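Pasting run36.txt here (compact mmCIF, C-alpha atoms):
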# COMPACT_ATOMS: atom_id res chain seq x y z
CA MET H 13 0.00 0.00 0.00
CA ASN H 14 1.52 3.33 -1.06
CA PHE H 15 0.79 6.39 1.06
CA GLU H 16 3.75 8.59 0.09
CA ASN H 17 1.78 10.62 -2.44
CA ARG H 18 -1.21 11.17 -0.18
CA ALA H 19 -1.54 14.86 0.64
CA ASP H 20 -3.16 14.48 4.03
CA ASN H 21 -2.14 16.10 7.28
CA ARG H 22 -4.24 13.83 9.45
CA GLU H 23 -2.60 11.56 11.98
CA LYS H 24 -1.79 8.22 10.32
CA ILE H 25 -2.69 5.10 12.26
CA TYR H 26 -1.75 1.46 11.75
CA ILE H 27 -3.73 -1.14 13.70
CA ILE H 28 -2.51 -4.17 15.62
CA GLN H 29 -5.55 -6.44 15.72
CA PRO H 30 -5.29 -9.37 18.16
CA ILE H 31 -7.49 -12.32 17.21
CA GLY H 32 -8.69 -14.26 20.24
CA GLN H 33 -11.41 -16.87 20.66
CA ASP H 34 -14.22 -14.31 20.76
CA TYR H 35 -12.97 -12.19 17.84
CA THR H 36 -15.44 -11.10 15.16
CA PRO H 37 -14.65 -8.97 12.08
CA SER H 38 -16.86 -6.21 13.47
CA GLU H 39 -14.20 -5.55 16.13
CA HIS H 40 -11.77 -4.49 13.44
CA ASP H 41 -14.44 -2.58 11.54
CA GLU H 42 -15.20 -0.62 14.72
CA ALA H 43 -11.52 0.21 15.17
CA VAL H 44 -11.40 1.68 11.66
CA SER H 45 -14.59 3.65 12.39
CA LEU H 46 -13.08 4.94 15.63
CA ILE H 47 -10.01 6.14 13.74
CA GLU H 48 -12.23 7.98 11.26
CA SER H 49 -14.26 9.45 14.13
CA ALA H 50 -11.00 10.77 15.60
CA ASP H 51 -10.33 12.53 12.27
CA ALA H 52 -7.28 10.35 11.69
CA LEU H 53 -6.21 8.30 8.67
CA TYR H 54 -6.32 4.50 8.67
CA LEU H 55 -3.29 2.98 6.94
CA GLY H 56 -3.55 -0.77 7.44
CA THR H 57 -3.71 -3.64 9.92
CA LEU H 58 -1.46 -6.35 11.30
CA PHE H 59 -3.66 -9.29 12.34
CA GLN H 60 -2.27 -11.63 14.97
CA GLN H 61 -3.74 -14.87 16.27
CA ILE H 62 -3.42 -14.92 20.07
CA ARG H 63 -3.02 -18.27 21.78
CA GLU H 64 -1.05 -16.98 24.75
CA ILE H 65 -0.54 -13.35 25.75
CA ASN H 66 3.07 -12.23 25.84
CA PRO H 67 3.39 -10.33 29.15
CA ALA H 68 6.00 -7.94 27.71
CA THR H 69 4.54 -7.03 24.31
CA TYR H 70 1.20 -8.92 24.15
CA ILE H 71 1.74 -10.22 20.59
CA GLY H 72 5.39 -11.35 20.68
CA SER H 73 8.60 -9.91 19.24
CA GLY H 74 8.40 -11.69 15.87
CA LYS H 75 5.22 -9.94 14.82
CA LEU H 76 6.59 -6.62 15.98
CA VAL H 77 9.59 -7.08 13.67
CA ASP H 78 7.11 -7.75 10.85
CA LEU H 79 5.14 -4.61 11.73
CA LYS H 80 8.29 -2.48 11.92
CA GLU H 81 9.20 -3.53 8.39
CA ARG H 82 5.73 -2.58 7.18
CA ILE H 83 5.70 0.91 8.65
CA ASP H 84 9.36 1.90 8.28
CA GLY H 85 9.60 4.85 5.94
CA LEU H 86 5.96 5.87 6.18
CA GLY H 87 6.80 8.58 8.70
CA GLY H 88 4.77 9.92 11.62
CA ILE H 89 2.91 6.67 12.22
CA THR H 90 0.83 5.97 15.31
CA VAL H 91 0.15 2.35 16.17
CA LEU H 92 -3.27 1.49 17.63
CA PHE H 93 -3.53 -1.74 19.58
CA ASN H 94 -7.20 -2.71 19.30
CA GLY H 95 -7.48 -3.85 22.90
CA GLU H 96 -6.13 -2.70 26.23
CA LEU H 97 -2.41 -2.57 27.01
CA SER H 98 -0.60 -2.24 30.31
CA PRO H 99 1.80 0.72 30.61
CA SER H 100 4.84 -1.56 30.30
CA GLN H 101 3.42 -3.26 27.19
CA THR H 102 2.83 0.15 25.64
CA LEU H 103 6.44 1.17 26.31
CA ASN H 104 7.87 -2.13 25.09
CA ILE H 105 5.90 -2.11 21.84
CA SER H 106 6.92 1.50 21.23
CA ALA H 107 10.60 0.65 21.80
CA ALA H 108 10.42 -2.39 19.48
CA LEU H 109 8.95 -0.22 16.71
CA GLY H 110 11.61 2.48 16.97
CA ASP H 111 10.08 4.66 19.68
CA ILE H 112 6.93 5.55 17.75
CA LYS H 113 3.69 6.48 19.48
CA VAL H 114 1.58 3.52 20.61
CA ILE H 115 -1.97 3.87 21.92
CA ASP H 116 -4.64 1.36 22.87
CA ARG H 117 -8.37 1.28 22.15
CA THR H 118 -9.35 2.99 25.39
CA THR H 119 -6.98 5.90 24.70
CA LEU H 120 -8.57 6.37 21.27
CA ILE H 121 -12.13 6.31 22.63
CA LEU H 122 -11.25 8.78 25.39
CA ASP H 123 -9.72 11.08 22.78
CA ILE H 124 -12.91 11.02 20.71
CA PHE H 125 -14.98 11.81 23.79
CA ALA H 126 -12.63 14.70 24.63
CA LYS H 127 -13.22 16.16 21.16
CA ARG H 128 -17.00 15.65 21.12
CA ALA H 129 -18.03 16.79 24.60
CA GLN H 130 -19.87 20.11 24.26
CA SER H 131 -21.63 20.75 27.56
CA SER H 132 -19.73 21.70 30.69
CA GLU H 133 -20.92 18.50 32.37
CA GLY H 134 -19.82 16.39 29.41
CA LYS H 135 -16.35 17.91 29.55
CA LEU H 136 -16.12 17.21 33.27
CA GLN H 137 -17.20 13.60 32.71
CA VAL H 138 -14.61 13.05 29.99
CA GLU H 139 -11.82 14.62 32.02
CA LEU H 140 -12.68 12.41 34.99
CA ALA H 141 -12.58 9.30 32.79
CA GLN H 142 -9.22 10.35 31.32
CA LEU H 143 -7.67 11.01 34.71
CA LYS H 144 -8.92 7.73 36.15
CA TYR H 145 -7.44 5.89 33.20
CA LEU H 146 -4.15 7.79 33.44
CA TYR H 147 -3.69 7.64 37.21
CA PRO H 148 -2.79 3.93 37.62
CA ARG H 149 -0.57 4.17 34.54
CA LEU H 150 1.64 6.99 35.75
CA LYS H 151 4.46 4.83 37.03
CA GLY H 152 7.10 4.63 34.34
CA LYS H 153 4.98 6.52 31.84
CA GLY H 154 6.86 9.79 31.87
CA ALA H 155 9.00 8.80 28.91
CA ALA H 156 5.98 7.57 26.99
CA LEU H 157 4.07 10.82 27.47
CA SER H 158 7.07 12.90 26.52
CA LYS H 159 7.15 11.09 23.17
CA LEU H 160 3.51 11.71 22.30
CA GLY H 161 4.16 15.18 20.95
CA GLY H 162 0.55 15.76 19.94
CA GLY H 163 -2.51 14.18 18.37
CA ILE H 164 -4.56 11.30 19.74
CA GLY H 165 -3.98 10.65 23.43
CA THR H 166 -2.75 14.15 24.21
CA ARG H 167 -6.02 16.08 24.35
CA GLY H 168 -7.38 17.02 27.75
CA PRO H 169 -5.22 16.33 30.82
CA GLY H 170 -2.61 14.43 28.79
CA GLU H 171 -1.12 17.73 27.65
CA THR H 172 -0.16 18.92 31.12
CA GLN H 173 2.41 16.23 32.04
CA LEU H 174 0.36 15.35 35.09
CA GLU H 175 2.55 12.30 35.62
CA THR H 176 4.86 14.51 37.70
CA ASP H 177 2.30 15.02 40.44
CA ARG H 178 0.12 12.07 41.47
CA ARG H 179 -1.32 14.03 44.37
CA HIS H 180 -2.47 16.78 42.01
CA ILE H 181 -4.33 14.20 39.90
CA ARG H 182 -5.90 12.62 42.96
CA LEU H 183 -7.15 16.03 44.15
CA ARG H 184 -8.48 16.82 40.69
CA ILE H 185 -10.32 13.49 40.54
CA ASP H 186 -11.90 14.18 43.94
CA TYR H 187 -12.95 17.66 42.79
CA LEU H 188 -14.52 16.35 39.57
CA GLU H 189 -16.37 13.57 41.38
CA ASN H 190 -17.83 16.06 43.86
CA LYS H 191 -18.83 18.41 41.06
CA LEU H 192 -20.51 15.63 39.10
CA ARG H 193 -22.28 14.35 42.21
CA ALA H 194 -23.82 17.79 42.67
CA LEU H 195 -24.95 17.82 39.04
CA ALA H 196 -26.36 14.30 39.44
CA THR H 197 -28.38 15.45 42.46
CA ARG H 198 -29.80 18.31 40.41
CA ARG H 199 -30.70 15.90 37.62
CA ARG H 200 -32.46 13.58 40.05
CA LEU H 201 -34.54 16.50 41.25
CA LEU H 202 -35.54 17.24 37.66
CA THR H 203 -36.42 13.57 37.15
CA ASP H 204 -38.54 13.58 40.32
CA ARG H 205 -40.27 16.75 39.14
CA ARG H 206 -41.12 15.10 35.83
CA LYS H 207 -42.59 12.11 37.65
CA LYS H 208 -44.73 14.36 39.82
CA SER H 209 -45.99 16.23 36.78
CA GLU H 210 -46.92 12.87 35.20
CA THR H 211 -44.59 13.49 32.23
CA ARG H 212 -44.27 10.22 30.34
CA THR H 213 -40.77 9.56 29.08
CA VAL H 214 -39.34 7.52 26.21
CA SER H 215 -35.58 7.01 25.89
CA LEU H 216 -33.51 6.16 22.83
CA ILE H 217 -30.84 3.70 23.94
CA GLY H 218 -28.41 1.58 22.01
CA TYR H 219 -25.15 1.17 20.20
CA THR H 220 -23.30 4.18 18.87
CA ASN H 221 -23.99 5.20 15.26
CA THR H 222 -27.24 3.26 14.92
CA GLY H 223 -29.18 6.43 14.06
CA LYS H 224 -30.63 7.45 17.43
CA SER H 225 -30.20 11.18 16.82
CA THR H 226 -31.64 10.84 13.31
CA LEU H 227 -34.61 9.01 14.81
CA LEU H 228 -35.08 11.74 17.43
CA ASN H 229 -35.16 14.31 14.63
CA ALA H 230 -37.57 12.23 12.54
CA LEU H 231 -40.03 11.68 15.40
CA THR H 232 -39.98 15.21 16.83
CA ALA H 233 -39.05 17.42 13.84
CA ALA H 234 -35.99 18.53 15.81
CA ASP H 235 -32.62 19.54 14.38
CA VAL H 236 -30.23 17.67 16.68
CA TYR H 237 -26.77 17.12 15.19
CA ALA H 238 -26.52 13.70 13.56
CA ALA H 239 -23.63 12.24 11.57
CA ASP H 240 -22.54 8.86 10.24
CA ARG H 241 -19.73 8.43 12.75
CA LEU H 242 -19.19 6.85 16.14
CA PHE H 243 -20.11 9.01 19.15
CA ALA H 244 -21.32 11.91 17.00
CA THR H 245 -23.25 13.18 20.03
CA LEU H 246 -22.47 12.75 23.72
CA ASP H 247 -24.73 15.13 25.57
CA PRO H 248 -28.29 13.98 26.36
CA THR H 249 -31.00 15.69 24.35
CA SER H 250 -34.73 15.74 25.09
CA ARG H 251 -37.53 16.84 22.77
CA LEU H 252 -41.33 16.81 22.90
CA LEU H 253 -42.91 13.88 21.06
CA ARG H 254 -46.62 14.25 20.31
CA ILE H 255 -48.65 11.27 19.10
CA ASP H 256 -52.42 11.54 18.59
CA GLY H 257 -52.79 14.28 21.17
CA SER H 258 -50.57 12.64 23.80
CA ASP H 259 -47.28 14.25 24.79
CA PHE H 260 -44.11 12.37 25.69
CA LEU H 261 -40.55 13.43 26.46
CA LEU H 262 -38.17 11.68 24.05
CA THR H 263 -34.54 11.56 25.20
CA ASP H 264 -31.40 10.59 23.30
CA THR H 265 -28.08 10.00 25.04
CA VAL H 266 -24.56 8.66 24.46
CA GLY H 267 -24.33 5.39 22.55
CA PHE H 268 -22.77 2.18 23.81
CA LEU H 269 -19.85 0.28 22.32
CA HIS H 270 -18.46 -3.21 22.78
CA SER H 271 -15.95 -3.15 25.66
CA LEU H 272 -16.67 0.51 26.34
CA PRO H 273 -14.14 1.58 28.99
CA HIS H 274 -15.58 1.25 32.49
CA ASN H 275 -14.21 4.67 33.40
CA LEU H 276 -16.42 6.15 30.72
CA ILE H 277 -19.48 4.21 31.88
CA ASP H 278 -18.83 5.33 35.45
CA ALA H 279 -18.24 8.96 34.44
CA PHE H 280 -21.40 9.09 32.32
CA ARG H 281 -23.45 6.99 34.75
CA SER H 282 -25.52 9.88 36.08
CA THR H 283 -26.23 11.12 32.55
CA LEU H 284 -27.21 7.63 31.43
CA GLU H 285 -29.35 7.05 34.49
CA SER H 286 -31.37 10.16 33.72
CA ALA H 287 -32.34 8.53 30.42
CA LEU H 288 -32.80 5.12 32.03
CA HIS H 289 -35.40 6.50 34.45
CA CYS H 290 -37.94 6.33 31.65
CA ASP H 291 -41.32 4.71 31.21
CA LEU H 292 -40.32 3.03 27.94
CA ALA H 293 -36.99 2.50 26.16
CA LEU H 294 -36.41 2.11 22.44
CA ILE H 295 -33.28 0.00 21.93
CA VAL H 296 -32.04 1.07 18.51
CA CYS H 297 -29.88 -1.27 16.39
CA ASP H 298 -28.46 -1.05 12.88
CA ALA H 299 -30.39 -3.64 10.89
CA ARG H 300 -27.63 -3.81 8.28
CA GLY H 301 -24.79 -3.99 10.78
CA ASP H 302 -23.86 -6.54 13.43
CA HIS H 303 -27.25 -6.10 15.09
CA GLU H 304 -26.87 -9.17 17.31
CA ARG H 305 -23.62 -7.86 18.81
CA GLN H 306 -25.13 -4.39 19.18
CA LEU H 307 -28.17 -5.74 21.00
CA GLN H 308 -26.15 -8.03 23.28
CA THR H 309 -23.75 -5.21 24.19
CA THR H 310 -26.61 -2.83 24.93
CA LEU H 311 -28.54 -5.32 27.04
CA ALA H 312 -25.38 -6.28 28.96
CA THR H 313 -24.62 -2.63 29.72
CA LEU H 314 -28.22 -2.02 30.79
CA LYS H 315 -28.10 -5.07 33.07
CA GLU H 316 -24.91 -3.73 34.63
CA MET H 317 -26.76 -0.50 35.33
CA GLN H 318 -29.72 -2.45 36.81
CA PHE H 319 -32.11 -1.25 34.14
CA GLU H 320 -35.48 -3.02 34.38
CA LYS H 321 -37.86 -0.86 32.35
CA PRO H 322 -39.95 -2.14 29.41
CA TYR H 323 -38.37 -1.74 25.99
CA PHE H 324 -38.96 -2.18 22.27
CA ILE H 325 -36.24 -3.40 19.90
CA VAL H 326 -36.05 -1.01 16.94
CA MET H 327 -34.10 -2.09 13.86
CA ASN H 328 -33.12 1.11 12.07
CA LYS H 329 -31.60 1.49 8.59
CA SER H 330 -33.84 -1.33 7.35
CA GLU H 331 -34.77 0.29 4.04
CA GLY H 332 -34.94 -2.34 1.29
CA LEU H 333 -34.60 -5.20 3.78
CA SER H 334 -36.69 -8.14 2.57
CA ASP H 335 -35.73 -11.03 4.89
CA THR H 336 -36.26 -10.41 8.62
CA THR H 337 -36.19 -14.01 9.81
CA LEU H 338 -32.77 -13.70 11.46
CA TYR H 339 -33.82 -10.79 13.68
CA PRO H 340 -35.55 -10.90 17.06
CA LYS H 341 -39.19 -11.61 16.23
CA GLU H 342 -40.48 -8.66 18.26
CA SER H 343 -38.33 -6.14 16.35
CA ILE H 344 -39.88 -3.02 14.85
CA PHE H 345 -38.26 -2.28 11.47
CA ILE H 346 -37.84 1.36 10.51
CA SER H 347 -35.76 3.78 8.50
CA ALA H 348 -35.33 7.04 10.38
CA LYS H 349 -33.69 8.46 7.25
CA ASN H 350 -36.62 8.02 4.85
CA GLY H 351 -39.49 7.55 7.32
CA ASP H 352 -40.31 3.89 6.71
CA GLY H 353 -41.99 2.26 9.71
CA LEU H 354 -42.23 5.43 11.80
CA ALA H 355 -46.04 5.37 11.78
CA LEU H 356 -45.96 1.81 13.14
CA LEU H 357 -43.40 2.78 15.78
CA LYS H 358 -45.58 5.67 16.95
CA GLU H 359 -48.58 3.36 17.05
CA LYS H 360 -46.65 0.86 19.19
CA ILE H 361 -45.57 3.60 21.59
CA LEU H 362 -49.15 4.85 21.87
CA GLN H 363 -50.51 1.35 22.42
CA PHE H 364 -48.00 0.80 25.21
CA PHE H 365 -49.07 3.89 27.12
CA ARG H 366 -52.77 3.50 26.40
CA LYS H 367 -53.05 -0.24 26.92
CA ASP H 368 -55.07 0.22 30.13
CA SER H 369 -56.76 3.47 29.20
CA VAL H 370 -60.51 3.94 29.00
CA LEU H 371 -62.56 5.76 26.39
CA LEU H 372 -65.05 8.06 28.13
CA HIS H 373 -68.00 9.73 26.45
CA LEU H 374 -68.32 13.03 28.31
CA ARG H 375 -71.08 15.57 28.53
CA ILE H 376 -69.90 18.99 29.77
CA PRO H 377 -72.71 21.48 30.50
CA TYR H 378 -71.47 24.94 29.57
CA GLU H 379 -72.19 26.27 33.07
CA ARG H 380 -69.77 23.62 34.45
CA MET H 381 -66.96 24.29 31.97
CA SER H 382 -64.84 25.94 34.69
CA GLU H 383 -64.99 22.66 36.66
CA TYR H 384 -63.92 20.61 33.67
CA THR H 385 -61.07 22.81 32.36
CA PRO H 386 -58.49 21.79 35.05
CA LEU H 387 -59.09 18.12 34.14
CA LYS H 388 -58.06 18.49 30.49
CA LYS H 389 -54.41 17.71 31.23
CA TYR H 390 -55.42 14.22 32.35
CA ALA H 391 -57.21 13.32 29.11
CA VAL H 392 -56.78 13.16 25.34
CA GLU H 393 -59.86 14.82 23.89
CA LYS H 394 -61.47 13.77 20.62
CA ASN H 395 -64.65 14.18 18.54
CA PHE H 396 -66.04 17.48 19.81
CA ASN H 397 -69.78 18.06 19.35
CA TYR H 398 -71.15 21.42 20.48
CA ARG H 399 -74.84 21.14 21.42
CA ASP H 400 -77.12 23.91 22.60
CA ASP H 401 -76.78 23.01 26.27
CA ALA H 402 -73.48 21.12 26.49
CA LEU H 403 -70.26 20.02 24.87
CA LEU H 404 -70.11 16.32 23.98
CA LEU H 405 -66.70 14.73 23.47
CA ASP H 406 -64.72 11.53 23.75
CA ALA H 407 -61.76 11.44 26.12
CA ILE H 408 -59.05 8.81 26.53
CA VAL H 409 -58.22 8.58 30.23
CA GLU H 410 -55.81 6.38 32.18
CA PRO H 411 -57.32 4.34 35.06
CA ALA H 412 -55.66 6.45 37.76
CA TYR H 413 -57.68 9.51 36.72
CA LEU H 414 -61.09 7.99 36.00
CA SER H 415 -62.62 9.18 39.26
CA LEU H 416 -61.92 12.81 38.28
CA PHE H 417 -64.32 12.53 35.34
CA ARG H 418 -67.11 10.65 37.09
CA GLY H 419 -69.37 13.70 37.23
CA PHE H 420 -69.15 14.22 33.45
CA ALA H 421 -69.23 10.67 32.07
CA ASP H 422 -72.23 9.59 30.00
CA ARG H 423 -70.96 6.05 29.42
CA THR H 424 -67.62 4.29 29.32
CA LYS H 425 -66.01 1.80 27.02
CA LYS H 426 -62.80 -0.17 27.66
CA ARG H 427 -60.34 0.44 24.82
CA GLY H 428 -59.57 -2.77 23.00
How does the structure come out when it is put into C-alpha cells?
Amino acid sequence: MNFENRADNREKIYIIQPIGQDYTPSEHDEAVSLIESADALYLGTLFQQIREINPATYIGSGKLVDLKERIDGLGGITVLFNGELSPSQTLNISAALGDIKVIDRTTLILDIFAKRAQSSEGKLQVELAQLKYLYPRLKGKGAALSKLGGGIGTRGPGETQLETDRRHIRLRIDYLENKLRALATRRRLLTDRRKKSETRTVSLIGYTNTGKSTLLNALTAADVYAADRLFATLDPTSRLLRIDGSDFLLTDTVGFLHSLPHNLIDAFRSTLESALHCDLALIVCDARGDHERQLQTTLATLKEMQFEKPYFIVMNKSEGLSDTTLYPKESIFISAKNGDGLALLKEKILQFFRKDSVLLHLRIPYERMSEYTPLKKYAVEKNFNYRDDALLLDAIVEPAYLSLFRGFADRTKKRG
C-alpha cells in the first residue's frame, strides 16, 4: 500500500488487531470507524492470532519485527492496539517499533470523547474518565508521554504532564467527582419533578452510530446534530414527542460500544441514568450492521446499570430489507432516514401507554366548563360536538384519573 503521495495532514494510524477466541470482524471494523471518528487516517492492519498473551509485548517480538518492516519509511505513524495494554506493554511495543507512538483502544475512545463533549458537564465527565485511566498508569509513563508530541492521546489532561504530580491528579479526581455528584443530584430532582408532573418519558438507547439522533429528529421534527460516525453526540437531548394528542418526552443519550471503557461508563453513569429513568426504552440497532452484537452489548450494559424498564427493539436502517427471519421476532423495522416504519413505531408507543386506558364519552354542561377545564391535562380529547346546552366529546383517560371525570361521564367503554 503506497501512502507517500497522499496529501493528508491527518494523523496516520496502523492497527494491531489481536485475534482471540471471541474475535469477530466487526471488532476491526469498529476500530477503523473509531479512527475515522477521531479525524485520523487508517493505513492498514497487522492481524495476529493470540493463543497466549506475551506479558512484555502482548503479541510477541516476531510480529513486531514484521510490523516495523511494514511501517518503516511511512513517517509519523501511530500504532493502535485494538485492545487494552498495560503501561509496560505500551512502552515495550513502542521501543520495538523504533520509539513511535503507541496507543490502545481505550486511549482512542477517550480522545474522541474529549473532542466531542460540548456541555460543561460532558467535559467534566470526559476529564474524569481520562484522569482515572491515566492515574494507575503513571508509574514509568513519563518517557511515553514525553514522546507523544501531539494528536490522539494528548487532548485534555494528557497535555499537562500530570505524571509529575500524582497528588495533584488525585485532588483533581476528587474535585470532579464532587462536582458531578452535585450535578447528578440536580438531575435527580428534575427527574422527580417530571414524575410528579406525570410526564411520560421515552428514551432512545443503544449502540453508537445506529441512528438514534436521526430518529429523534424524525419523530420530533428537531434539528439535533446527527452524523454517520461513532459518538457523534455525547450530551443527552430531550424533545417533545406528540402522538395523537398525547405528549411524551423523548430523550437521546450517548451510545454504547463493545468493551466501552468502564471509566467512561462510570463517568457518564448519572447522565445515562437520567435517560434510564424512563417509562419506555427504544433500543435502537443497525439492521444492516452486526445487530446481534449491538443488542447483546446494549442489554449487557443495561443489566450492569440495573435497568429493568420495558423496551422495544427497533431495527433502524432497514430500508430495502426483505428477509427479517434472522432478527428478534419482536423487532420493529424502521428507517429514520426516509421515514419507513415510523407510523408503526408511533402506534406501538401509543398502544404501550394507552393499553389500560378507557374511552369516556363526556357531557360537559357549559355552566360547568370551569370545573372541567383543570381536568383536560389528564385526558386526550377527541370528537367534539357542540350542542345547545353542552359540549359532547370523547376522552381517553388512564385508570388512575377515571374518578376525576365521574361527574361528566355519559358512558364508558374499555379500549380494545
Protein and nucleic acid residues near (-14.7, -0.2, 20.9) (cut-off 7 Å, only C-alpha atoms) as a PyMOL selection string
chain H and resi 42-43+117+269-272
Just the number, please: distance in Å from CA of Ile376 in chain H to CA of Ile255 in chain H, one decimal.
25.0 Å
Counting all atoms listed in the file, the option among H:Pro248, H:Pro377, H:Pro30, H:Pro148 closest to Gly419 in chain H
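The answer is H:Pro377, which sits nearest to Gly419 in chain H.
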Give me the residues within 9 Å of Phe396 in chain H as a list in words, counting all atoms listed in the file and dropping any in the same chain fewer than 5 places off.
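Near Phe396 in chain H, the qualifying residues are Leu403, Leu404, Leu405 and Asp406 of chain H.
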Point-to-point distance in Å for CA of Pro273 in chain H and CA of Glu96 in chain H
9.5 Å
At a cut-off of 8 Å around the point (-31.0, -5.9, 21.8) (file coordinates), what residues fall inside when counting all atoms listed in the file? I'd like the answer as a ChimeraX atom specification.
/H:218,295-297,303-304,306-311,325
Reconstructed N, CA and C atoms for range 117-133 of chain H, given as an mmCIF file, keeping the file's coordinate frame:
data_model
loop_
_atom_site.group_PDB
_atom_site.id
_atom_site.type_symbol
_atom_site.label_atom_id
_atom_site.label_comp_id
_atom_site.auth_asym_id
_atom_site.auth_seq_id
_atom_site.Cartn_x
_atom_site.Cartn_y
_atom_site.Cartn_z
ATOM 1 N N ARG H 117 -6.992 0.956 22.536
ATOM 2 C CA ARG H 117 -8.370 1.280 22.150
ATOM 3 C C ARG H 117 -9.010 2.279 23.110
ATOM 4 N N THR H 118 -8.764 2.086 24.404
ATOM 5 C CA THR H 118 -9.350 2.990 25.390
ATOM 6 C C THR H 118 -8.847 4.413 25.200
ATOM 7 N N THR H 119 -7.552 4.574 24.932
ATOM 8 C CA THR H 119 -6.980 5.900 24.700
ATOM 9 C C THR H 119 -7.663 6.580 23.521
ATOM 10 N N LEU H 120 -7.917 5.820 22.461
ATOM 11 C CA LEU H 120 -8.570 6.370 21.270
ATOM 12 C C LEU H 120 -9.999 6.803 21.583
ATOM 13 N N ILE H 121 -10.738 5.975 22.298
ATOM 14 C CA ILE H 121 -12.130 6.310 22.630
ATOM 15 C C ILE H 121 -12.174 7.553 23.526
ATOM 16 N N LEU H 122 -11.290 7.610 24.510
ATOM 17 C CA LEU H 122 -11.250 8.780 25.390
ATOM 18 C C LEU H 122 -10.933 10.043 24.601
ATOM 19 N N ASP H 123 -10.066 9.924 23.612
ATOM 20 C CA ASP H 123 -9.720 11.080 22.780
ATOM 21 C C ASP H 123 -10.938 11.569 22.001
ATOM 22 N N ILE H 124 -11.709 10.638 21.451
ATOM 23 C CA ILE H 124 -12.910 11.020 20.710
ATOM 24 C C ILE H 124 -13.906 11.721 21.627
ATOM 25 N N PHE H 125 -14.079 11.180 22.824
ATOM 26 C CA PHE H 125 -14.980 11.810 23.790
ATOM 27 C C PHE H 125 -14.498 13.216 24.141
ATOM 28 N N ALA H 126 -13.174 13.381 24.290
ATOM 29 C CA ALA H 126 -12.630 14.700 24.630
ATOM 30 C C ALA H 126 -12.933 15.717 23.531
ATOM 31 N N LYS H 127 -12.935 15.260 22.275
ATOM 32 C CA LYS H 127 -13.220 16.160 21.160
ATOM 33 C C LYS H 127 -14.706 16.466 21.037
ATOM 34 N N ARG H 128 -15.562 15.511 21.385
ATOM 35 C CA ARG H 128 -17.000 15.650 21.120
ATOM 36 C C ARG H 128 -17.780 16.305 22.254
ATOM 37 N N ALA H 129 -17.268 16.249 23.470
ATOM 38 C CA ALA H 129 -18.030 16.790 24.600
ATOM 39 C C ALA H 129 -18.268 18.290 24.392
ATOM 40 N N GLN H 130 -19.511 18.705 24.474
ATOM 41 C CA GLN H 130 -19.870 20.110 24.260
ATOM 42 C C GLN H 130 -20.316 20.797 25.542
ATOM 43 N N SER H 131 -21.121 20.133 26.343
ATOM 44 C CA SER H 131 -21.630 20.750 27.560
ATOM 45 C C SER H 131 -20.540 20.766 28.632
ATOM 46 N N SER H 132 -20.701 21.635 29.602
ATOM 47 C CA SER H 132 -19.730 21.700 30.690
ATOM 48 C C SER H 132 -19.702 20.393 31.469
ATOM 49 N N GLU H 133 -20.878 19.767 31.651
ATOM 50 C CA GLU H 133 -20.920 18.500 32.370
ATOM 51 C C GLU H 133 -20.230 17.402 31.569
#
